[in-house]
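So the structure is just underneath, and the comments pick up after that.
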Amino acid sequence: MSVMPTSPARGTLHHRLLLLRSVRAAGTPVVVSLAAVQLLTAVAPALTAVVLGMLVGRVDGASGAGVFRAALLPLALFGAVLLLGYLAQSATAPLE
């Protein structure tokens, strides 16, 4: 009997589905909340890259005293995405 290797993405998806199945008895609001947090955890790296690209684009187009003003919103978004990603990981860590 041969065992086919699984990809890391498939293993992660399988792990997340097992986690959601194990808390099914807690009720729909808990399962939906946990799924939303897991989705945020999965999307956080891509959001970080998008916001960082936005920051670079805004700073690259600005000059002089306008650099700080151009960077302020993207920096705030970058911090918010990092914070939300960290909070989402912290919320699901005890369940794993």
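Chain labels follow the order of the structure tokens: the first chain is A, the next B, and so on; residue numbering restarts at 1 in every chain, and ligands are counted from 1 in their shown order.
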
Note to self: Among chain A, which residues does DSSP mark as alpha helix (DSSP H) when it is run on the backbone? Keep the chain and numbering as in the structure and answer as a PyMOL selection string.
What the structure shows: chain A and resi 8-22+28-61+66-92

Return as CSV the residues of segment 13-55 of chain A lying at most 12 Å from segment 67-83 of chain A, together with the closest atom-to-atom pair for each and the distance in Å to one decimal, counting only C-alpha atoms, with rows in chain order and ascending residue number.
```
residue,atom,partner,partner_atom,distance
A:Leu40,CA,A:Val81,CA,9.6
A:Thr41,CA,A:Val81,CA,10.3
A:Val43,CA,A:Val81,CA,9.9
A:Ala44,CA,A:Val81,CA,6.7
A:Pro45,CA,A:Leu82,CA,8.7
A:Ala46,CA,A:Val81,CA,9.9
A:Leu47,CA,A:Val81,CA,6.9
A:Thr48,CA,A:Val81,CA,6.2
A:Ala49,CA,A:Phe78,CA,9.0
A:Val50,CA,A:Phe78,CA,9.1
A:Val51,CA,A:Phe78,CA,5.7
A:Leu52,CA,A:Phe78,CA,6.6
A:Gly53,CA,A:Pro74,CA,9.0
A:Met54,CA,A:Pro74,CA,6.4
A:Leu55,CA,A:Pro74,CA,5.0
```

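Atom CA of Leu84 of chain A is positioned 23.4 Å from atom CA of Leu18 of chain A.
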
Item checked: Distance criterion (only C-alpha atoms): nearest to Leu39 of chain A out of A:Ala26, A:Ala93, A:Leu13, A:Val59 ->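 Under the stated criterion, the closest residue is A:Leu13.
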